[in-house]
Amino acid sequence: MHAIADRNFHLAPEKPRDIDIGFAGDIYWPFLGDRERTDIIDWFERHGAARGLRCDIRKSRLPRQEWNLFLNSCKALVGAESGTYYLNERGGVLDRARRYNLNENRAATFDEVYGRFYHGLPRGISGKCISSRHFEPIGTKTCQLLLEGNYNGILKADEHYIAIRKDLTNIDDAIERFRDAGHRTRIAERAYDFVMAEHTYRHRVEKLLRTVTATVRA
């Protein structure tokens with residue numbers, strides 16, 4: 001499971017946070033079967049300025065040092081859980097959609113891919129999960145505006161991030177909570193303290209060693 005790489009992503013107190021809402025990362029291919037993450041990113045790109053927000057949306061990844069500086073330049077990051085809802089047939093449906101989208105029709109729209117592979121298909125075991133991209137802003141004490149989700153049971157809505165409903169009906173309320181600098185700072189500090197206490201890679205290694213030791217002794 002992912003954790004925080006606190007040696008690589010850390011607070012730069014001298015760096016002014018002159019970006020309100022930021023994002024820098026790849027946009028998911030249609031074969032994943034949902035647009036939730038893309039839609040929330042696009043919303044801030046299209047409507048953020050009209051809400052008086054300075055948004056910097058970059059649809060490609062940054063090298064690690066640039067990413068750390070970018071995080072320290074943002075008051076908040078926007079995002080959602082990683083992964084897919086569709087692990088049906090042990091990932092068989094996802095695999096067929098991936099092959100079609102990447103090998104046969106790279107220009108396919110989301111609606112085309114969804115209609116071909118996912119329309120009417122019940123969601124099986126969810127592959128939605130937390131990723132390193134959620135821990136890295138925490139290391140720089142950057143608040144996050146995230147679509148509500150499970151995040152592997154680690155990040156809690158409105159405790160460790162400002163939650164936006166998946167239908168975006170509370171997005172203006174989320175923005176108002178973001179504008180409250182005190183609230184925004186408390187969210188970021190709470191997430192940082194929690195993750196540093198329980199979810200560094202040192203914690204992951206220690207847990208693995210305990211599990212291996214217990215198995216050997218058994």
# chains A, B, ... in the order shown; residues from 1 in each chain; ligands from 1
call {"tool": "select_by_dssp", "arguments": {"residues": "range 120-164 of chain A", "states": "helix (DSSP H, G or I)", "output": "CSV table (one decimal) with C-alpha atoms, in the first residue's frame"}}
result
chain,number,residue,atom,x,y,z
A,132,SER,CA,0.9,8.2,-3.7
A,133,ARG,CA,-0.6,11.3,-5.3
A,134,HIS,CA,-2.8,11.7,-2.2
A,135,PHE,CA,0.1,11.4,0.3
A,136,GLU,CA,2.5,13.8,-1.5
A,137,PRO,CA,0.4,16.9,-0.9
A,138,ILE,CA,0.0,15.9,2.7
A,139,GLY,CA,3.8,15.9,3.1
A,151,TYR,CA,-9.4,6.0,0.2
A,152,ASN,CA,-8.6,2.6,1.6
A,153,GLY,CA,-10.1,3.6,4.9
call {"tool": "residues_around", "arguments": {"residues": "Ala97 in chain A", "least_positions_apart": "6", "cutoff": "12 Å", "atoms": "only C-alpha atoms", "output": "list in words"}}
result
Trp29, Pro30, Phe31, Leu32, Gly33, Thr84, Tyr86, Leu87, Asn88, Gly91, Asn103, Glu104, Asn105, Arg106, Ala108, Phe110, Glu112, Val113, Tyr114, Gly115, Arg116, Phe117 and Tyr118 of chain A
call {"tool": "write_last_selection", "arguments": {"atoms": "N, CA and C atoms", "output": "PDB file, in the first residue's frame"}}
result
ATOM      1  N   TRP A  29      -7.365   7.429 -19.153  1.00  0.00           N
ATOM      2  CA  TRP A  29      -7.929   6.953 -20.411  1.00  0.00           C
ATOM      3  C   TRP A  29      -9.381   6.514 -20.205  1.00  0.00           C
ATOM      4  N   PRO A  30     -10.198   6.574 -21.268  1.00  0.00           N
ATOM      5  CA  PRO A  30     -11.600   6.148 -21.156  1.00  0.00           C
ATOM      6  C   PRO A  30     -11.780   4.704 -20.706  1.00  0.00           C
ATOM      7  N   PHE A  31     -10.798   3.825 -20.961  1.00  0.00           N
ATOM      8  CA  PHE A  31     -10.998   2.402 -20.670  1.00  0.00           C
ATOM      9  C   PHE A  31     -11.204   2.108 -19.185  1.00  0.00           C
ATOM     10  N   LEU A  32     -10.895   3.054 -18.299  1.00  0.00           N
ATOM     11  CA  LEU A  32     -11.106   2.820 -16.876  1.00  0.00           C
ATOM     12  C   LEU A  32     -12.582   2.780 -16.509  1.00  0.00           C
ATOM     13  N   GLY A  33     -13.436   3.393 -17.323  1.00  0.00           N
ATOM     14  CA  GLY A  33     -14.870   3.218 -17.134  1.00  0.00           C
ATOM     15  C   GLY A  33     -15.603   4.280 -16.351  1.00  0.00           C
ATOM     16  N   THR A  84     -10.276   1.960 -10.840  1.00  0.00           N
ATOM     17  CA  THR A  84     -11.523   1.711 -11.562  1.00  0.00           C
ATOM     18  C   THR A  84     -12.552   1.040 -10.669  1.00  0.00           C
ATOM     19  N   TYR A  86     -14.459  -1.203 -12.011  1.00  0.00           N
ATOM     20  CA  TYR A  86     -14.804  -2.418 -12.753  1.00  0.00           C
ATOM     21  C   TYR A  86     -13.671  -3.444 -12.749  1.00  0.00           C
ATOM     22  N   LEU A  87     -13.689  -4.302 -11.744  1.00  0.00           N
ATOM     23  CA  LEU A  87     -12.775  -5.441 -11.708  1.00  0.00           C
ATOM     24  C   LEU A  87     -13.535  -6.738 -11.975  1.00  0.00           C
ATOM     25  N   ASN A  88     -14.644  -6.620 -12.708  1.00  0.00           N
ATOM     26  CA  ASN A  88     -15.453  -7.787 -13.056  1.00  0.00           C
ATOM     27  C   ASN A  88     -14.609  -8.812 -13.804  1.00  0.00           C
ATOM     28  N   GLY A  91     -10.919  -8.702 -13.586  1.00  0.00           N
ATOM     29  CA  GLY A  91     -10.291  -7.669 -14.404  1.00  0.00           C
ATOM     30  C   GLY A  91     -10.378  -7.919 -15.892  1.00  0.00           C
ATOM     31  N   ASN A 103      -4.937  -0.165 -28.236  1.00  0.00           N
ATOM     32  CA  ASN A 103      -4.394  -0.835 -29.423  1.00  0.00           C
ATOM     33  C   ASN A 103      -5.240  -0.668 -30.679  1.00  0.00           C
ATOM     34  N   GLU A 104      -6.574  -0.594 -30.505  1.00  0.00           N
ATOM     35  CA  GLU A 104      -7.454  -0.569 -31.667  1.00  0.00           C
ATOM     36  C   GLU A 104      -8.016   0.810 -31.974  1.00  0.00           C
ATOM     37  N   ASN A 105      -8.318   1.581 -30.935  1.00  0.00           N
ATOM     38  CA  ASN A 105      -8.982   2.865 -31.172  1.00  0.00           C
ATOM     39  C   ASN A 105      -8.571   3.869 -30.103  1.00  0.00           C
ATOM     40  N   ARG A 106      -7.398   4.431 -30.246  1.00  0.00           N
ATOM     41  CA  ARG A 106      -6.888   5.378 -29.252  1.00  0.00           C
ATOM     42  C   ARG A 106      -7.665   6.691 -29.243  1.00  0.00           C
ATOM     43  N   ALA A 108     -10.928   6.829 -29.367  1.00  0.00           N
ATOM     44  CA  ALA A 108     -12.291   6.570 -28.892  1.00  0.00           C
ATOM     45  C   ALA A 108     -12.663   7.520 -27.761  1.00  0.00           C
ATOM     46  N   PHE A 110     -14.952   8.709 -24.381  1.00  0.00           N
ATOM     47  CA  PHE A 110     -15.382   7.989 -23.186  1.00  0.00           C
ATOM     48  C   PHE A 110     -16.717   7.308 -23.426  1.00  0.00           C
ATOM     49  N   GLU A 112     -18.056   6.225 -26.108  1.00  0.00           N
ATOM     50  CA  GLU A 112     -17.917   5.072 -26.993  1.00  0.00           C
ATOM     51  C   GLU A 112     -17.373   3.862 -26.237  1.00  0.00           C
ATOM     52  N   VAL A 113     -16.329   4.069 -25.461  1.00  0.00           N
ATOM     53  CA  VAL A 113     -15.729   2.959 -24.715  1.00  0.00           C
ATOM     54  C   VAL A 113     -16.686   2.463 -23.640  1.00  0.00           C
ATOM     55  N   TYR A 114     -17.328   3.381 -22.941  1.00  0.00           N
ATOM     56  CA  TYR A 114     -18.259   2.984 -21.882  1.00  0.00           C
ATOM     57  C   TYR A 114     -19.417   2.187 -22.469  1.00  0.00           C
ATOM     58  N   GLY A 115     -19.981   2.678 -23.557  1.00  0.00           N
ATOM     59  CA  GLY A 115     -21.104   1.980 -24.179  1.00  0.00           C
ATOM     60  C   GLY A 115     -20.732   0.601 -24.684  1.00  0.00           C
ATOM     61  N   ARG A 116     -19.528   0.444 -25.135  1.00  0.00           N
ATOM     62  CA  ARG A 116     -19.079  -0.826 -25.705  1.00  0.00           C
ATOM     63  C   ARG A 116     -18.783  -1.873 -24.629  1.00  0.00           C
ATOM     64  N   PHE A 117     -18.260  -1.439 -23.471  1.00  0.00           N
ATOM     65  CA  PHE A 117     -17.780  -2.409 -22.484  1.00  0.00           C
ATOM     66  C   PHE A 117     -18.501  -2.367 -21.135  1.00  0.00           C
ATOM     67  N   TYR A 118     -19.030  -1.212 -20.734  1.00  0.00           N
ATOM     68  CA  TYR A 118     -19.505  -1.082 -19.358  1.00  0.00           C
ATOM     69  C   TYR A 118     -20.991  -0.801 -19.212  1.00  0.00           C
TER      70      TYR A 118
END
call {"tool": "residues_around", "arguments": {"residues": "Leu69 in chain A", "least_positions_apart": "2", "cutoff": "12 Å", "atoms": "only C-alpha atoms", "output": "ChimeraX atom specification"}}
result
/A:8-19,22,24,62-67,71-74,136-137,139-140,142
call {"tool": "residues_around", "arguments": {"residues": "Ala157 in chain A", "least_positions_apart": "6", "cutoff": "9 Å", "atoms": "only C-alpha atoms", "output": "PyMOL selection string"}}
result
chain A and resi 146-150+163-164
call {"tool": "closest_residue", "arguments": {"among": "A:Met196, A:Ile130, A:Arg204, A:Arg37", "to": "Leu155 in chain A", "atoms": "only C-alpha atoms"}}
result
A:Ile130
call {"tool": "atom_distance", "arguments": {"atom1": "CA of Arg177 in chain A", "atom2": "CA of Leu145 in chain A"}}
result
9.9 Å
call {"tool": "closest_residue", "arguments": {"among": "A:Leu208, A:Cys143, A:Ala197, A:Ile125", "to": "Gly182 in chain A", "atoms": "only C-alpha atoms"}}
result
A:Cys143
call {"tool": "select_by_dssp", "arguments": {"residues": "range 102-184 of chain A", "states": "strand (DSSP E or B)", "output": "list of chain:residue names"}}
result
A:Cys129, A:Cys143, A:Gln144, A:Leu145, A:Leu146, A:Leu147, A:Ala157, A:Tyr161, A:Ile162, A:Ala163, A:Ile164
call {"tool": "closest_residue", "arguments": {"among": "A:Ala50, A:Ile27, A:Ile21, A:Leu102", "to": "Phe70 in chain A", "atoms": "only C-alpha atoms"}}
result
A:Ile21
call {"tool": "atom_distance", "arguments": {"atom1": "CA of Tyr100 in chain A", "atom2": "CA of Arg46 in chain A"}}
result
29.8 Å
call {"tool": "residues_around", "arguments": {"residues": "Cys129 in chain A", "least_positions_apart": "2", "cutoff": "7 Å", "atoms": "only C-alpha atoms", "output": "list in words"}}
result
Glu81, Ser82, Gly83, Gly127, Ser131, Tyr151 and Asn152 of chain A
call {"tool": "closest_residue", "arguments": {"among": "A:Trp43, A:Arg210, A:Val195, A:Thr215", "to": "Leu168 in chain A", "atoms": "only C-alpha atoms"}}
result
A:Trp43
call {"tool": "closest_residue", "arguments": {"among": "A:Arg184, A:Lys156, A:His47, A:Arg61", "to": "Lys75 in chain A", "atoms": "only C-alpha atoms"}}
result
A:Arg184
